[in-house]
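Participant: So here's protein.tsv (TSV, C-alpha atoms).
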chain	number	residue	atom	x	y	z
A	1	MET	CA	-19.45	-2.31	-0.97
A	2	LYS	CA	-19.91	0.66	1.32
A	3	LEU	CA	-17.48	1.13	4.17
A	4	ARG	CA	-17.14	3.76	6.86
A	5	VAL	CA	-13.48	4.53	7.63
A	6	ARG	CA	-11.97	6.59	10.42
A	7	SER	CA	-8.40	7.44	11.33
A	8	GLU	CA	-7.39	9.49	14.36
A	9	LEU	CA	-3.68	10.31	14.47
A	10	VAL	CA	-2.19	12.13	17.45
A	11	TYR	CA	1.47	13.10	17.06
A	12	ARG	CA	3.87	15.50	18.73
A	13	PHE	CA	6.04	17.65	16.48
A	14	ASP	CA	8.93	19.22	18.37
A	15	PRO	CA	10.61	21.18	16.88
A	16	PRO	CA	8.07	22.37	14.28
A	17	THR	CA	8.35	20.49	11.00
A	18	ASP	CA	6.73	20.04	7.61
A	19	ALA	CA	4.54	16.95	7.35
A	20	ILE	CA	2.68	15.08	4.61
A	21	PHE	CA	-0.25	12.77	5.45
A	22	GLN	CA	-1.74	10.25	3.02
A	23	ILE	CA	-4.94	9.14	4.76
A	24	HIS	CA	-7.72	10.28	2.43
A	25	ALA	CA	-9.58	7.67	0.40
A	26	ALA	CA	-8.27	7.93	-3.14
A	27	HIS	CA	-10.26	9.14	-6.11
A	28	TRP	CA	-9.92	6.01	-8.23
A	29	PRO	CA	-12.08	4.38	-10.94
A	30	GLY	CA	-14.69	2.23	-9.21
A	31	GLN	CA	-14.18	3.87	-5.81
A	32	ARG	CA	-16.44	6.76	-4.78
A	33	VAL	CA	-16.11	8.95	-1.71
A	34	LEU	CA	-19.71	9.56	-0.67
A	35	GLU	CA	-18.98	11.81	2.29
A	36	GLU	CA	-15.93	12.79	4.31
A	37	SER	CA	-14.58	15.20	6.89
A	38	LEU	CA	-11.15	16.28	8.08
A	39	THR	CA	-10.35	18.02	11.37
A	40	LEU	CA	-6.98	19.27	12.63
A	41	THR	CA	-6.71	20.14	16.32
A	42	PRO	CA	-5.46	22.73	16.96
A	43	ALA	CA	-6.64	24.29	13.71
A	44	VAL	CA	-3.69	25.03	11.43
A	45	PRO	CA	-3.44	25.99	7.75
A	46	PHE	CA	-3.07	22.97	5.49
A	47	ARG	CA	-3.06	22.13	1.82
A	48	GLU	CA	-4.91	19.27	0.11
A	49	ASP	CA	-3.76	18.04	-3.30
A	50	GLU	CA	-4.54	15.22	-5.69
A	51	THR	CA	-2.20	13.37	-8.05
A	52	ALA	CA	-3.58	13.30	-11.56
A	53	ASP	CA	-2.66	9.70	-12.38
A	54	LEU	CA	-3.24	7.82	-9.12
A	55	GLY	CA	-5.93	9.86	-7.36
A	56	THR	CA	-3.83	10.01	-4.19
A	57	ARG	CA	-4.79	12.99	-2.03
A	58	PRO	CA	-1.87	14.14	0.17
A	59	LEU	CA	-2.40	16.62	3.00
A	60	ARG	CA	0.45	19.04	3.73
A	61	ALA	CA	1.00	21.28	6.75
A	62	ARG	CA	3.69	22.71	9.02
A	63	LEU	CA	2.97	21.33	12.46
A	64	SER	CA	4.13	22.17	15.97
A	65	GLY	CA	3.46	20.61	19.36
A	66	GLU	CA	0.76	17.97	19.83
A	67	VAL	CA	-1.59	17.76	16.84
A	68	THR	CA	-4.64	15.56	16.24
A	69	VAL	CA	-5.63	14.72	12.66
A	70	LEU	CA	-9.08	13.16	12.37
A	71	TYR	CA	-10.35	11.83	9.03
A	72	GLU	CA	-13.74	10.17	8.52
A	73	ALA	CA	-15.36	9.02	5.30
A	74	LEU	CA	-18.08	6.89	3.81
A	75	VAL	CA	-16.72	5.14	0.72
A	76	ASP	CA	-18.22	2.90	-1.93
A	77	ASN	CA	-15.31	0.80	-3.18
A	78	GLY	CA	-17.31	-0.88	-5.93
A	79	GLN	CA	-17.10	-4.63	-6.42
A	80	LEU	CA	-13.49	-5.65	-5.93
A	81	GLN	CA	-12.66	-9.21	-6.93
A	82	GLY	CA	-9.73	-11.51	-6.34
A	83	LEU	CA	-7.23	-12.28	-9.08
A	84	PRO	CA	-8.33	-15.15	-11.36
A	85	PRO	CA	-5.68	-17.75	-12.27
A	86	GLY	CA	-6.41	-17.19	-15.95
A	87	ALA	CA	-5.49	-13.49	-15.94
A	88	VAL	CA	-3.16	-12.85	-18.87
A	89	GLN	CA	0.42	-11.62	-18.60
A	90	HIS	CA	1.31	-9.11	-21.32
A	91	ALA	CA	4.44	-8.75	-23.41
A	92	TRP	CA	6.30	-5.61	-22.40
A	93	THR	CA	5.68	-4.19	-25.89
A	94	ASP	CA	1.93	-4.30	-25.17
A	95	LEU	CA	1.97	-2.57	-21.78
A	96	PRO	CA	0.71	1.02	-21.32
A	97	VAL	CA	3.64	3.39	-21.02
A	98	ASP	CA	2.65	4.52	-17.50
A	99	VAL	CA	2.78	0.90	-16.31
A	100	LEU	CA	6.39	0.30	-17.39
A	101	THR	CA	7.86	2.03	-14.33
A	102	TYR	CA	6.44	-0.75	-12.12
A	103	LEU	CA	8.64	-3.35	-13.83
A	104	TRP	CA	11.88	-1.91	-12.44
A	105	PRO	CA	13.62	-2.40	-9.08
A	106	SER	CA	12.91	0.23	-6.42
A	107	ARG	CA	14.31	1.15	-3.01
A	108	TYR	CA	12.65	-1.68	-1.06
A	109	CYS	CA	12.09	-4.08	-3.94
A	110	PRO	CA	15.40	-5.20	-5.54
A	111	SER	CA	13.72	-7.38	-8.14
A	112	ASP	CA	16.89	-7.59	-10.25
A	113	GLN	CA	18.34	-9.92	-7.58
A	114	PHE	CA	15.58	-12.54	-7.87
A	115	GLY	CA	15.36	-13.49	-11.53
A	116	ARG	CA	17.02	-16.87	-11.13
A	117	PHE	CA	14.93	-17.79	-8.08
A	118	VAL	CA	11.66	-16.84	-9.79
A	119	GLU	CA	12.52	-18.75	-12.95
A	120	ARG	CA	13.39	-21.87	-10.95
A	121	GLU	CA	10.32	-21.74	-8.68
A	122	PHE	CA	7.63	-20.34	-10.99
A	123	GLY	CA	9.04	-20.60	-14.50
A	124	THR	CA	6.41	-23.06	-15.71
A	125	LEU	CA	3.55	-20.64	-14.90
A	126	SER	CA	2.43	-17.29	-16.24
A	127	GLY	CA	-0.09	-14.55	-15.55
A	128	GLY	CA	-2.54	-14.96	-12.72
A	129	ALA	CA	-1.43	-18.51	-11.98
A	130	ARG	CA	2.15	-17.32	-11.51
A	131	VAL	CA	1.14	-14.47	-9.18
A	132	LEU	CA	-1.05	-16.78	-7.08
A	133	ALA	CA	1.82	-19.28	-6.85
A	134	ILE	CA	4.12	-16.48	-5.64
A	135	VAL	CA	1.58	-15.46	-2.99
A	136	ALA	CA	1.20	-19.10	-1.91
A	137	TRP	CA	4.99	-19.42	-1.63
A	138	ILE	CA	5.14	-16.32	0.59
A	139	ALA	CA	2.32	-17.67	2.79
A	140	GLY	CA	4.12	-20.97	3.18
A	141	ASN	CA	7.60	-19.60	3.81
A	142	VAL	CA	7.27	-16.24	5.60
A	143	ASP	CA	5.84	-15.82	9.11
A	144	TYR	CA	3.71	-12.82	10.02
A	145	ARG	CA	5.57	-11.49	13.03
A	146	PHE	CA	6.02	-8.08	14.63
A	147	GLY	CA	9.43	-6.81	15.67
A	148	VAL	CA	11.51	-8.61	13.06
A	149	SER	CA	11.62	-5.80	10.51
A	150	GLY	CA	11.92	-2.02	10.54
A	151	SER	CA	11.51	1.00	8.31
A	152	GLU	CA	14.68	0.16	6.35
A	153	THR	CA	13.91	-3.52	5.74
A	154	THR	CA	13.97	-4.51	2.07
A	155	ALA	CA	12.43	-7.53	0.36
A	156	ALA	CA	15.90	-9.08	0.18
A	157	ARG	CA	16.15	-8.94	3.98
A	158	THR	CA	12.66	-10.39	4.39
A	159	PHE	CA	13.60	-13.22	2.01
A	160	ILE	CA	16.46	-14.06	4.38
A	161	ASP	CA	14.62	-13.51	7.69
A	162	ARG	CA	11.45	-15.26	6.50
A	163	ALA	CA	9.34	-13.05	8.79
A	164	GLY	CA	7.76	-9.60	8.80
A	165	VAL	CA	4.53	-7.62	8.70
A	166	CYS	CA	2.20	-6.53	5.90
A	167	ARG	CA	4.70	-4.04	4.49
A	168	ASP	CA	7.34	-6.78	4.21
A	169	PHE	CA	4.95	-9.31	2.66
A	170	THR	CA	3.96	-6.67	0.12
A	171	HIS	CA	7.55	-5.76	-0.75
A	172	LEU	CA	8.43	-9.41	-1.27
A	173	GLY	CA	5.36	-10.00	-3.44
A	174	ILE	CA	6.14	-6.95	-5.57
A	175	THR	CA	9.77	-8.00	-5.92
A	176	LEU	CA	9.02	-11.53	-7.07
A	177	CYS	CA	6.33	-10.38	-9.51
A	178	ARG	CA	8.61	-7.78	-11.08
A	179	ALA	CA	11.36	-10.40	-11.32
A	180	ALA	CA	8.81	-12.48	-13.25
A	181	GLY	CA	8.21	-9.62	-15.69
A	182	ILE	CA	4.85	-8.62	-14.19
A	183	PRO	CA	4.26	-4.94	-13.29
A	184	ALA	CA	3.53	-4.63	-9.56
A	185	ARG	CA	3.13	-1.73	-7.15
A	186	ALA	CA	2.37	-1.05	-3.49
A	187	VAL	CA	-1.04	0.11	-2.24
A	188	SER	CA	-1.98	1.47	1.17
A	189	ALA	CA	-5.55	0.84	2.24
A	190	TYR	CA	-8.16	0.83	4.93
A	191	ALA	CA	-9.08	-2.82	5.40
A	192	ASP	CA	-12.31	-4.29	6.69
A	193	GLN	CA	-11.90	-7.22	9.13
A	194	LEU	CA	-8.20	-6.51	9.69
A	195	THR	CA	-7.14	-7.44	13.25
A	196	PRO	CA	-5.78	-5.38	14.90
A	197	PRO	CA	-7.17	-2.45	12.87
A	198	ASP	CA	-4.44	-0.38	11.21
A	199	PHE	CA	-3.39	1.02	7.86
A	200	HIS	CA	-2.77	-2.00	5.63
A	201	ALA	CA	-0.15	-2.52	2.90
A	202	VAL	CA	-1.10	-4.69	-0.07
A	203	PHE	CA	0.01	-4.75	-3.70
A	204	GLU	CA	-1.47	-4.93	-7.16
A	205	VAL	CA	-0.38	-6.42	-10.47
A	206	TRP	CA	-1.13	-5.45	-14.05
A	207	LEU	CA	-2.67	-8.42	-15.89
A	208	SER	CA	-5.46	-8.70	-18.50
A	209	ASP	CA	-5.29	-4.94	-19.15
A	210	GLY	CA	-5.99	-3.90	-15.57
A	211	TRP	CA	-4.77	-3.70	-11.98
A	212	TRP	CA	-5.67	-6.52	-9.57
A	213	LEU	CA	-5.32	-6.11	-5.81
A	214	ILE	CA	-3.50	-8.80	-3.82
A	215	ASP	CA	-3.21	-9.16	-0.03
A	216	PRO	CA	-0.17	-11.41	0.45
A	217	THR	CA	-0.86	-11.67	4.20
A	218	GLY	CA	-4.38	-13.05	3.66
A	219	LEU	CA	-5.52	-11.00	6.67
A	220	ALA	CA	-8.20	-8.94	4.94
A	221	PRO	CA	-10.70	-9.74	2.17
A	222	ILE	CA	-10.06	-7.93	-1.11
A	223	ALA	CA	-13.71	-6.86	-1.24
A	224	GLY	CA	-13.22	-4.78	1.93
A	225	LEU	CA	-10.26	-2.65	0.85
A	226	VAL	CA	-10.45	1.14	0.49
A	227	ARG	CA	-7.54	2.49	-1.56
A	228	ILE	CA	-5.54	5.37	-0.09
A	229	ALA	CA	-2.30	5.65	-2.07
A	230	SER	CA	-0.21	3.63	-4.50
A	231	GLY	CA	3.37	3.72	-5.73
A	232	HIS	CA	6.60	1.83	-6.27
A	233	ASP	CA	6.97	0.73	-2.63
A	234	ALA	CA	6.44	1.90	0.96
A	235	ALA	CA	8.36	5.11	0.32
A	236	ASP	CA	5.49	6.28	-1.91
A	237	ILE	CA	2.53	5.22	0.24
A	238	ALA	CA	3.55	6.17	3.81
A	239	PHE	CA	0.61	7.58	5.77
A	240	LEU	CA	2.95	10.14	7.42
A	241	SER	CA	6.21	11.62	6.18
A	242	THR	CA	8.02	14.43	7.99
A	243	GLN	CA	11.10	16.52	7.35
A	244	GLY	CA	12.03	16.50	11.05
A	245	PRO	CA	11.41	14.16	14.01
A	246	CYS	CA	7.97	13.45	15.44
A	247	GLU	CA	6.56	11.26	18.21
A	248	MET	CA	3.40	9.20	18.06
A	249	VAL	CA	1.09	9.84	21.03
A	250	ARG	CA	-1.65	7.50	19.84
A	251	GLN	CA	-3.51	6.48	16.73
A	252	ALA	CA	-6.70	4.57	16.04
A	253	ILE	CA	-8.01	3.18	12.75
A	254	THR	CA	-11.52	1.77	12.30
A	255	VAL	CA	-13.27	0.30	9.27
A	256	ALA	CA	-16.86	-0.92	9.25
A	257	ALA	CA	-18.98	-2.27	6.44
A	258	VAL	CA	-22.29	-0.41	6.10
Could I get this structure in the form of structure tokens?

Facilitator:
Amino acid sequence: MKLRVRSELVYRFDPPTDAIFQIHAAHWPGQRVLEESLTLTPAVPFREDETADLGTRPLRARLSGEVTVLYEALVDNGQLQGLPPGAVQHAWTDLPVDVLTYLWPSRYCPSDQFGRFVEREFGTLSGGARVLAIVAWIAGNVDYRFGVSGSETTAARTFIDRAGVCRDFTHLGITLCRAAGIPARAVSAYADQLTPPDFHAVFEVWLSDGWWLIDPTGLAPIAGLVRIASGHDAADIAFLSTQGPCEMVRQAITVAAV
């Protein structure tokens, strides 16, 4: 599926500070960036990198005053499919070594606190069926609501509050899957048909020898996702990280199927 993505981020950096943006479409198997452009106004020196294992492409710069970062791309994301119930869960001894790190608790996903709950609720299931049951439980028990959570909210807090936004749904899904012995990690994405348009947080699980994308909010079709970054949780996939304070002036995200 071909999608045209655009993000315009206008922020004020006062005092000057180092900043890292993660807004480029990732170089990932099955996803091809057909064309793209990046403009910083005012023009400032910047550095573009790419992580060898995940294809994430961070942009680094030292910014001062009001800065506009405009990224546009045409991306072919391949033929993404939803997780089948029959997807197989692997024994830990059979997992690739680079996948093992996504079994452990992380800053926002304290999976070690949920083993008993997961065994009681989903212990009779495995693999894809277990993941889909976890997603169904989240849909039935957590409300999508702005203003309930913040940048420090963990999955444990969301489990108590029973409300949050895409980031919180994703953290809870990752946490419950890891507690079930299934590798899971966070993914930031451009999302077709997402209302209102914004950067979207989803997650993916390792089953049947591959990663499968899951949107626990159900707000965007899997087929319309363009991968940006992936990692243990929101700390790894933030679209903007700064050493000092910054202020958002405005931002606009658009995604359109071609």

Participant: May I ask which of the residues A:Leu40, A:Ala91, A:Ala186, A:Ala252 is the closest one to Thr68 (chain A), counting only C-alpha atoms?

Facilitator: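 Closest candidate: A:Leu40.
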
Participant: List the spatial neighbours of Ala43 (chain A) as JSON, numbers by chain - criterion: any atom at most 12 Å away, all atoms listed in the file, same-chain residues fewer than 3 positions off excluded.

Facilitator: {"A": [38, 39, 40, 46, 61, 62, 63, 64, 66, 67, 68, 69, 70]}

Participant: Between CA of Pro58 (chain A) and CA of His24 (chain A), what is the distance, to one decimal in Å?

Facilitator: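 Atom-to-atom, CA of Pro58 (chain A) to CA of His24 (chain A), that is 7.4 Å.
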
Participant: Extract, using only C-alpha atoms, all DNA, RNA and protein residues at most 8 Å from Gly82 (chain A), discarding same-chain residues fewer than 2 positions from it, and format them as a VMD selection string.

Facilitator: chain A and resid 80 84 212 to 214 222 to 223

Participant: Grab the CA of Glu204 (chain A) to CA of Ser7 (chain A) distance for me, in Å with one decimal place.

Facilitator: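 A separation of 23.3 Å between them.
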